[in-house]
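Chemist: Here it is, the structure in full.
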Amino acid sequence: MEHGQIFRIAAIPGDGVGAEVVAAGQQVLDSLAQASTGKFSIDWISFPWGSAYYAEHGVMMHPKGLEMLQDTDAIYFGAVGWENVPDHTSLWGLRLNITQNFDQWANIRPVKFLPGIQSPLGRTDTAELDWVVVRENSEGEYAGLGGRNLSGRGPGSEVAVQTALFTESGCERIIRFAFELARTRPVRKVSSVTKSNAQQYGMVLWDEVFRRVAAGYPEVETESVLVDAMSAKFVLQPEQLSVVVASNLFADILSDLGSALAGSLGLAASANLNPERRFPSMFEPVHGSAPDIAGQGISNPVGAVASAALMLDHLGLPEEARRLEAAIKTVTAAGIKTRDVGGTAVTQEVTDAVVAALLS
Ligand code: GGG
């Protein structure tokens, strides 16, 4: 990267705890930028979109929102979902509106086990566990295809259809992405997850594409596993995992399981990438808006801060990304952690501790 680069980053806190964790990530990134003595700085552009915006305007984001985001270097997102808006309306109106229209077809969700955080796995070797879920992020079960009232007979006899879309090109690009990622990791292995014994069209196509792409990567170990067996493997043999690639819905569920096994959904980071860089990519914690704790200042900022590290990688700042990840580890190892992972610290204390670790 050039010296003194200024990045234009869109901040979209969204709903619930999104506001707290995005603010935490912004504080950490600004401190890192300041400490970089002019190497980079961030020009934040904040957008107040979400369910409160919906209450006022009847839409989740500005009608020209995508145009407003187009010329940013990245999007830093919080969470979506609040009780005043049906969940499918808020999700499609904001988060999926962005991921679909910006063709952010690769969703990277690392499963990281941090020092000082107890895993429900109850194993002593969790420090050695490290895998990443690659989620197909543009089609599959999230293609938005289907309809309701198909019987025409109304309430009580309704018929609804939800179609999963699998295109050969869509399968190929995400599977190839998973193989390329596996090549950069200490364990070169890709596990492909489907339910192709029951889903006999789209997921059989996925399996066929997987075998074809795998043939071009003889140095990468492979396996094809049904989603139920993979769920068990996450719990029973996680040491066998490196890169796990799956459809939109399956990878969403598996990555939540992975983060719960690492200690909490609040720890998990994600990157929604448009690998061609025709559109901005979006970085966000895996967790949702958590209405049960929103506004109390006790949410876990680690998932959002770790997502900021993924954003730094994307911006061409890998050293800073590693520094931020190391700071997170220092903080959790010191026992400075929020309630969801057995601590007593509030969001601001964890955030300040990450900043202190960064600057030390
Ligand atoms: N930060 C992620 C988020 O807000 N997720 C809300 C949600 O309900 N997501 C469902 C999905 O992405 O499949």
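Following the order of the structure tokens, chains are lettered A, B, ..., residues in each are numbered from 1, and ligands are numbered from 1.
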Quick one: contact table of chain A to ligand 1, 6 Å max, nearest atom pair and distance in Å to one decimal per residue, counting only C-alpha atoms and all ligand atoms, chain and number order, as CSV?

Modeler:
residue,atom,partner,partner_atom_place_in_ligand_line,distance
A:Gly78,CA,ligand 1,1 (N),5.3
A:Ala79,CA,ligand 1,4 (O),3.2
A:Val80,CA,ligand 1,4 (O),4.0
A:Asp252,CA,ligand 1,13 (O),5.9
A:Glu284,CA,ligand 1,1 (N),5.3
A:Pro285,CA,ligand 1,1 (N),4.9
A:Val286,CA,ligand 1,2 (C),4.7
A:His287,CA,ligand 1,1 (N),4.9
A:Gly288,CA,ligand 1,4 (O),3.9
A:Ser289,CA,ligand 1,4 (O),5.9

Chemist: Kindly save the residues from that selection, with N, CA and C atoms included, as a compact mmCIF listing (two decimals), in the first residue's frame.

Modeler:
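For reference, selection02.txt as written:
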# COMPACT_ATOMS: atom_id res chain seq x y z
N GLY A 78 -22.82 -3.74 11.55
CA GLY A 78 -23.09 -4.28 12.89
C GLY A 78 -24.02 -5.46 12.84
N ALA A 79 -25.31 -5.20 12.95
CA ALA A 79 -26.27 -6.30 13.02
C ALA A 79 -27.62 -5.82 12.51
N VAL A 80 -28.47 -6.76 12.18
CA VAL A 80 -29.81 -6.39 11.71
C VAL A 80 -30.86 -7.27 12.38
N ASP A 252 -24.14 -21.03 7.22
CA ASP A 252 -24.60 -20.11 8.26
C ASP A 252 -24.78 -20.87 9.58
N GLU A 284 -18.37 -7.80 9.21
CA GLU A 284 -19.37 -7.74 10.29
C GLU A 284 -19.19 -8.91 11.25
N PRO A 285 -19.55 -8.72 12.51
CA PRO A 285 -19.57 -9.87 13.41
C PRO A 285 -20.66 -10.84 12.95
N VAL A 286 -20.46 -12.10 13.24
CA VAL A 286 -21.45 -13.11 12.84
C VAL A 286 -22.76 -12.92 13.62
N HIS A 287 -22.67 -12.43 14.84
CA HIS A 287 -23.87 -12.35 15.69
C HIS A 287 -24.89 -11.35 15.17
N GLY A 288 -26.11 -11.49 15.65
CA GLY A 288 -27.19 -10.58 15.28
C GLY A 288 -27.32 -9.44 16.28
N SER A 289 -28.51 -8.87 16.37
CA SER A 289 -28.72 -7.63 17.12
C SER A 289 -28.89 -7.84 18.63

Chemist: Got a sec: who's within 6 Å of region 319-325 of chain A, counting only C-alpha atoms, leaving out chain neighbours fewer than 4 positions off, as a list of chain:residue names?

Modeler: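 So the residues in contact are A:Ala309, A:Leu312, A:Asp313.
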
Chemist: Taking C-alpha atoms for each residue, export the selection above as a PDB file, in the first residue's frame.

Modeler:
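Dumped to result22.pdb:
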ATOM      1  CA  ALA A 309      -8.888  -7.257  11.371  1.00  0.00           C
ATOM      2  CA  LEU A 312      -7.479  -4.576   7.368  1.00  0.00           C
ATOM      3  CA  ASP A 313      -6.338  -7.649   5.446  1.00  0.00           C
TER       4      ASP A 313
END

Chemist: Would you mind listing what lies within 7 Å of region 166-173 of chain A as a PDB file with C-alpha atoms, in the first residue's frame, with only C-alpha atoms counted and same-chain residues fewer than 2 positions away left out?

Modeler:
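Writing done, so here's selection-v7.pdb:
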ATOM      1  CA  GLU A 139     -27.545 -18.146  -4.026  1.00  0.00           C
ATOM      2  CA  GLY A 140     -28.462 -21.565  -2.599  1.00  0.00           C
ATOM      3  CA  ALA A 164     -32.795 -23.208  -3.487  1.00  0.00           C
ATOM      4  CA  ILE A 175     -15.472 -24.109  -4.221  1.00  0.00           C
ATOM      5  CA  ARG A 176     -12.438 -22.790  -6.104  1.00  0.00           C
ATOM      6  CA  PHE A 177     -12.197 -19.961  -3.537  1.00  0.00           C
ATOM      7  CA  GLY A 202     -28.735 -28.669  -6.622  1.00  0.00           C
ATOM      8  CA  TRP A 206     -22.473 -29.049  -6.021  1.00  0.00           C
ATOM      9  CA  VAL A 209     -18.461 -29.480  -9.274  1.00  0.00           C
TER      10      VAL A 209
END

Chemist: Would you mind listing what lies within 12 Å of region 63-66 of chain A as a ChimeraX atom specification, with only C-alpha atoms counted and same-chain residues fewer than 2 positions away left out?

Modeler: /A:10,12,46-50,53-54,57-61,68-72,75,93-103,279-280

Chemist: Restricted to C-alpha atoms, what would the selected residues look like written as an mmCIF file, in the first residue's frame?

Modeler:
data_model
loop_
_atom_site.group_PDB
_atom_site.id
_atom_site.type_symbol
_atom_site.label_atom_id
_atom_site.label_comp_id
_atom_site.auth_asym_id
_atom_site.auth_seq_id
_atom_site.Cartn_x
_atom_site.Cartn_y
_atom_site.Cartn_z
ATOM 1 C CA ALA A 10 -18.947 3.099 5.468
ATOM 2 C CA ILE A 12 -23.578 0.812 9.270
ATOM 3 C CA SER A 46 -21.898 6.701 8.908
ATOM 4 C CA PHE A 47 -25.277 5.521 7.713
ATOM 5 C CA PRO A 48 -28.155 5.284 10.209
ATOM 6 C CA TRP A 49 -29.948 2.474 8.381
ATOM 7 C CA GLY A 50 -31.800 -0.304 10.138
ATOM 8 C CA TYR A 53 -34.821 4.035 9.969
ATOM 9 C CA TYR A 54 -37.581 1.706 8.717
ATOM 10 C CA HIS A 57 -39.044 5.932 6.283
ATOM 11 C CA GLY A 58 -40.700 2.555 5.571
ATOM 12 C CA VAL A 59 -37.450 1.153 4.150
ATOM 13 C CA MET A 60 -34.402 -0.349 5.834
ATOM 14 C CA MET A 61 -31.919 1.777 3.941
ATOM 15 C CA MET A 68 -23.836 5.858 -1.676
ATOM 16 C CA LEU A 69 -21.849 2.769 -0.688
ATOM 17 C CA GLN A 70 -20.416 2.037 -4.119
ATOM 18 C CA ASP A 71 -17.404 4.354 -3.923
ATOM 19 C CA THR A 72 -16.302 3.294 -0.436
ATOM 20 C CA ILE A 75 -18.371 -1.466 4.632
ATOM 21 C CA GLY A 93 -33.987 -4.850 3.247
ATOM 22 C CA LEU A 94 -30.497 -4.223 4.592
ATOM 23 C CA ARG A 95 -27.900 -6.962 5.003
ATOM 24 C CA LEU A 96 -28.959 -9.154 2.084
ATOM 25 C CA ASN A 97 -29.717 -6.095 -0.040
ATOM 26 C CA ILE A 98 -26.036 -5.234 0.245
ATOM 27 C CA THR A 99 -24.527 -8.725 -0.011
ATOM 28 C CA GLN A 100 -26.682 -9.663 -3.030
ATOM 29 C CA ASN A 101 -26.419 -6.415 -4.981
ATOM 30 C CA PHE A 102 -22.685 -6.083 -4.372
ATOM 31 C CA ASP A 103 -22.173 -9.723 -5.350
ATOM 32 C CA PHE A 279 -18.068 -3.677 -5.444
ATOM 33 C CA PRO A 280 -17.074 -2.927 -1.849
#

Chemist: To one decimal in Å, tell me the separation between CA of Pro86 (chain A) and CA of Ser51 (chain A).

Modeler: 9.6 Å

Chemist: Between A:Ala268, A:Glu158, A:Ala215, A:Val220, which residue has the minimum interatomic distance to Val190 (chain A), considering only C-alpha atoms?

Modeler: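 Ranking A:Ala268, A:Glu158, A:Ala215, A:Val220 by distance to Val190 (chain A), first place goes to A:Val220.
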
Chemist: Go through region 90-147 of chain A and collect every residue that DSSP, computed from the backbone, puts in helix (DSSP H, G or I); the answer should be as a list of chain:residue names.

Modeler: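 These are the residues in question: A:Ser90, A:Leu91, A:Trp92, A:Gly93, A:Leu94, A:Arg95, A:Leu96, A:Asn97, A:Ile98, A:Thr99, A:Gln100, A:Asn101, A:Thr126, A:Ala127, A:Glu128.
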
Chemist: Could you list, as a list in words, every residue within 8 Å of region 123-131 of chain A, counting only C-alpha atoms and ignoring same-chain residues fewer than 6 positions away?

Modeler: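 Neighbouring residues, sequence-local ones excluded: Pro110, Val111, Lys112, Phe113, Leu114, Pro115, Pro238, Glu239, Leu241, Ser242, Val243 and Val244 of chain A.
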
Chemist: Report the residues of region 128-299 of chain A whose backbone DSSP state falls under strand (DSSP E), written as a VMD selection string.

Modeler: chain A and resid 130 to 136 140 to 147 161 to 165 189 to 194 221 to 226 243 to 246 269 to 273 282 to 285

Chemist: Point out the residue among A:Pro186, A:Gly316, A:Gly297, A:Gly14 with the least atom-to-atom distance to Leu91 (chain A), counting only C-alpha atoms.

Modeler: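 Result for the nearest residue to Leu91 (chain A): A:Gly14.
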
Chemist: Which residues are close to region 344-356 of chain A, i.e. within 8 Å by only C-alpha atoms, leaving aside same-chain residues fewer than 2 positions away? Reply as number ranges by chain.

Modeler: A: 20-21, 24-25, 27-28, 31-32, 297-301, 324, 327-328, 330-331, 336-339, 342, 358-360

Chemist: Selection from above, N, CA and C atoms, as a PDB file, in the first residue's frame, can you write it?

Modeler:
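Final file, again_15.pdb:
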ATOM      1  N   GLU A  20     -23.166  -0.676  19.539  1.00  0.00           N
ATOM      2  CA  GLU A  20     -22.088  -0.765  20.532  1.00  0.00           C
ATOM      3  C   GLU A  20     -20.825  -1.396  19.939  1.00  0.00           C
ATOM      4  N   VAL A  21     -21.033  -2.466  19.164  1.00  0.00           N
ATOM      5  CA  VAL A  21     -19.838  -3.194  18.700  1.00  0.00           C
ATOM      6  C   VAL A  21     -19.176  -2.484  17.521  1.00  0.00           C
ATOM      7  N   ALA A  24     -17.099   0.171  19.009  1.00  0.00           N
ATOM      8  CA  ALA A  24     -15.880  -0.428  19.573  1.00  0.00           C
ATOM      9  C   ALA A  24     -14.847  -0.641  18.464  1.00  0.00           C
ATOM     10  N   GLY A  25     -15.293  -1.212  17.354  1.00  0.00           N
ATOM     11  CA  GLY A  25     -14.373  -1.466  16.248  1.00  0.00           C
ATOM     12  C   GLY A  25     -13.807  -0.179  15.666  1.00  0.00           C
ATOM     13  N   GLN A  27     -13.332   2.629  17.314  1.00  0.00           N
ATOM     14  CA  GLN A  27     -12.348   3.156  18.266  1.00  0.00           C
ATOM     15  C   GLN A  27     -11.001   2.436  18.101  1.00  0.00           C
ATOM     16  N   VAL A  28     -11.085   1.115  17.983  1.00  0.00           N
ATOM     17  CA  VAL A  28      -9.855   0.321  17.854  1.00  0.00           C
ATOM     18  C   VAL A  28      -9.131   0.664  16.546  1.00  0.00           C
ATOM     19  N   SER A  31      -7.489   4.066  16.694  1.00  0.00           N
ATOM     20  CA  SER A  31      -6.264   4.032  17.515  1.00  0.00           C
ATOM     21  C   SER A  31      -5.121   3.403  16.729  1.00  0.00           C
ATOM     22  N   LEU A  32      -5.439   2.343  16.013  1.00  0.00           N
ATOM     23  CA  LEU A  32      -4.414   1.668  15.215  1.00  0.00           C
ATOM     24  C   LEU A  32      -3.899   2.606  14.122  1.00  0.00           C
ATOM     25  N   GLY A 297     -24.640  -1.965  27.115  1.00  0.00           N
ATOM     26  CA  GLY A 297     -23.175  -1.794  27.083  1.00  0.00           C
ATOM     27  C   GLY A 297     -22.420  -3.023  27.545  1.00  0.00           C
ATOM     28  N   ILE A 298     -23.023  -4.195  27.415  1.00  0.00           N
ATOM     29  CA  ILE A 298     -22.346  -5.411  27.899  1.00  0.00           C
ATOM     30  C   ILE A 298     -22.069  -6.410  26.774  1.00  0.00           C
ATOM     31  N   SER A 299     -22.359  -6.003  25.538  1.00  0.00           N
ATOM     32  CA  SER A 299     -22.154  -6.947  24.425  1.00  0.00           C
ATOM     33  C   SER A 299     -20.662  -7.179  24.188  1.00  0.00           C
ATOM     34  N   ASN A 300     -20.383  -8.312  23.586  1.00  0.00           N
ATOM     35  CA  ASN A 300     -18.989  -8.700  23.335  1.00  0.00           C
ATOM     36  C   ASN A 300     -18.489  -8.021  22.048  1.00  0.00           C
ATOM     37  N   PRO A 301     -17.486  -7.160  22.156  1.00  0.00           N
ATOM     38  CA  PRO A 301     -17.013  -6.463  20.945  1.00  0.00           C
ATOM     39  C   PRO A 301     -16.009  -7.273  20.140  1.00  0.00           C
ATOM     40  N   LEU A 324      -3.674  -6.563  15.404  1.00  0.00           N
ATOM     41  CA  LEU A 324      -4.981  -6.468  16.056  1.00  0.00           C
ATOM     42  C   LEU A 324      -5.417  -7.837  16.597  1.00  0.00           C
ATOM     43  N   ALA A 327      -3.579  -8.456  19.724  1.00  0.00           N
ATOM     44  CA  ALA A 327      -4.099  -7.646  20.840  1.00  0.00           C
ATOM     45  C   ALA A 327      -5.355  -8.297  21.434  1.00  0.00           C
ATOM     46  N   ILE A 328      -6.207  -8.837  20.576  1.00  0.00           N
ATOM     47  CA  ILE A 328      -7.414  -9.528  21.076  1.00  0.00           C
ATOM     48  C   ILE A 328      -6.997 -10.697  21.971  1.00  0.00           C
ATOM     49  N   THR A 330      -4.209 -11.073  23.644  1.00  0.00           N
ATOM     50  CA  THR A 330      -3.636 -10.564  24.901  1.00  0.00           C
ATOM     51  C   THR A 330      -4.753 -10.254  25.894  1.00  0.00           C
ATOM     52  N   VAL A 331      -5.817  -9.647  25.381  1.00  0.00           N
ATOM     53  CA  VAL A 331      -6.919  -9.220  26.252  1.00  0.00           C
ATOM     54  C   VAL A 331      -7.687 -10.414  26.807  1.00  0.00           C
ATOM     55  N   ILE A 336      -9.856 -10.360  30.523  1.00  0.00           N
ATOM     56  CA  ILE A 336     -10.732  -9.191  30.345  1.00  0.00           C
ATOM     57  C   ILE A 336     -11.760  -9.575  29.292  1.00  0.00           C
ATOM     58  N   LYS A 337     -12.929  -9.956  29.741  1.00  0.00           N
ATOM     59  CA  LYS A 337     -13.915 -10.511  28.811  1.00  0.00           C
ATOM     60  C   LYS A 337     -15.333 -10.251  29.316  1.00  0.00           C
ATOM     61  N   THR A 338     -16.245 -10.262  28.370  1.00  0.00           N
ATOM     62  CA  THR A 338     -17.638  -9.949  28.698  1.00  0.00           C
ATOM     63  C   THR A 338     -18.368 -11.168  29.280  1.00  0.00           C
ATOM     64  N   ARG A 339     -19.603 -10.914  29.683  1.00  0.00           N
ATOM     65  CA  ARG A 339     -20.389 -11.931  30.408  1.00  0.00           C
ATOM     66  C   ARG A 339     -20.629 -13.209  29.609  1.00  0.00           C
ATOM     67  N   GLY A 342     -18.050 -15.652  30.257  1.00  0.00           N
ATOM     68  CA  GLY A 342     -17.720 -15.902  31.660  1.00  0.00           C
ATOM     69  C   GLY A 342     -17.011 -14.778  32.381  1.00  0.00           C
ATOM     70  N   LEU A 358      -2.834  -2.873  21.916  1.00  0.00           N
ATOM     71  CA  LEU A 358      -2.321  -2.461  20.591  1.00  0.00           C
ATOM     72  C   LEU A 358      -1.185  -1.468  20.720  1.00  0.00           C
ATOM     73  N   LEU A 359      -1.342  -0.581  21.690  1.00  0.00           N
ATOM     74  CA  LEU A 359      -0.391   0.523  21.813  1.00  0.00           C
ATOM     75  C   LEU A 359       0.807   0.181  22.687  1.00  0.00           C
ATOM     76  N   SER A 360       0.736  -0.981  23.356  1.00  0.00           N
ATOM     77  CA  SER A 360       1.830  -1.320  24.304  1.00  0.00           C
ATOM     78  C   SER A 360       3.064  -1.847  23.572  1.00  0.00           C
TER      79      SER A 360
END

Chemist: Which residues are close to region 226-230 of chain A, i.e. within 7 Å by only C-alpha atoms, leaving aside same-chain residues fewer than 3 positions away? Reply as an NGL selection string.

Modeler: :A and (193-195 or 233-234)

Chemist: How would the residues just chosen look if you wrote them out with N, CA and C atoms as a PDB file, in the first residue's frame?

Modeler:
ATOM      1  N   VAL A 193     -19.588 -29.635   2.222  1.00  0.00           N
ATOM      2  CA  VAL A 193     -20.760 -30.066   2.995  1.00  0.00           C
ATOM      3  C   VAL A 193     -22.025 -29.901   2.155  1.00  0.00           C
ATOM      4  N   THR A 194     -22.785 -30.977   2.025  1.00  0.00           N
ATOM      5  CA  THR A 194     -24.096 -30.899   1.363  1.00  0.00           C
ATOM      6  C   THR A 194     -25.066 -31.835   2.094  1.00  0.00           C
ATOM      7  N   LYS A 195     -26.226 -31.984   1.494  1.00  0.00           N
ATOM      8  CA  LYS A 195     -27.151 -33.038   1.917  1.00  0.00           C
ATOM      9  C   LYS A 195     -27.666 -33.645   0.609  1.00  0.00           C
ATOM     10  N   LYS A 233     -19.092 -33.798  13.465  1.00  0.00           N
ATOM     11  CA  LYS A 233     -17.629 -33.671  13.347  1.00  0.00           C
ATOM     12  C   LYS A 233     -17.128 -32.377  13.991  1.00  0.00           C
ATOM     13  N   PHE A 234     -17.892 -31.307  13.852  1.00  0.00           N
ATOM     14  CA  PHE A 234     -17.515 -30.046  14.502  1.00  0.00           C
ATOM     15  C   PHE A 234     -17.303 -30.271  16.005  1.00  0.00           C
TER      16      PHE A 234
END

Chemist: Enter the distance from CA of Gly343 (chain A) to CA of Ser264 (chain A), in Å, rounded to one decimal.

Modeler: 12.0 Å

Chemist: For a quick check of understanding, using only C-alpha atoms, which of A:Thr184, A:Ser255, A:Gln118, A:Gln162 has the smallest distance to Glu141 (chain A)?

Modeler: A:Gln162

Chemist: Rounded to one decimal place, report the CA of Asn248 (chain A)-CA of Glu180 (chain A) distance in Å.

Modeler: 19.0 Å

Chemist: Of the candidates A:Gly4, A:Pro318, A:Gly16, A:Gly216, which one gets nearest to Asp292 (chain A) if we count only C-alpha atoms?

Modeler: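 Using only C-alpha atoms, Asp292 (chain A) sits closest to A:Gly16.
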
Chemist: Taking only C-alpha atoms into account, name the residue in A:Ala55, A:Val133, A:Ala160, A:Val187 that is nearest to Trp82 (chain A).

Modeler: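 The closest residue to Trp82 (chain A) is A:Ala55.
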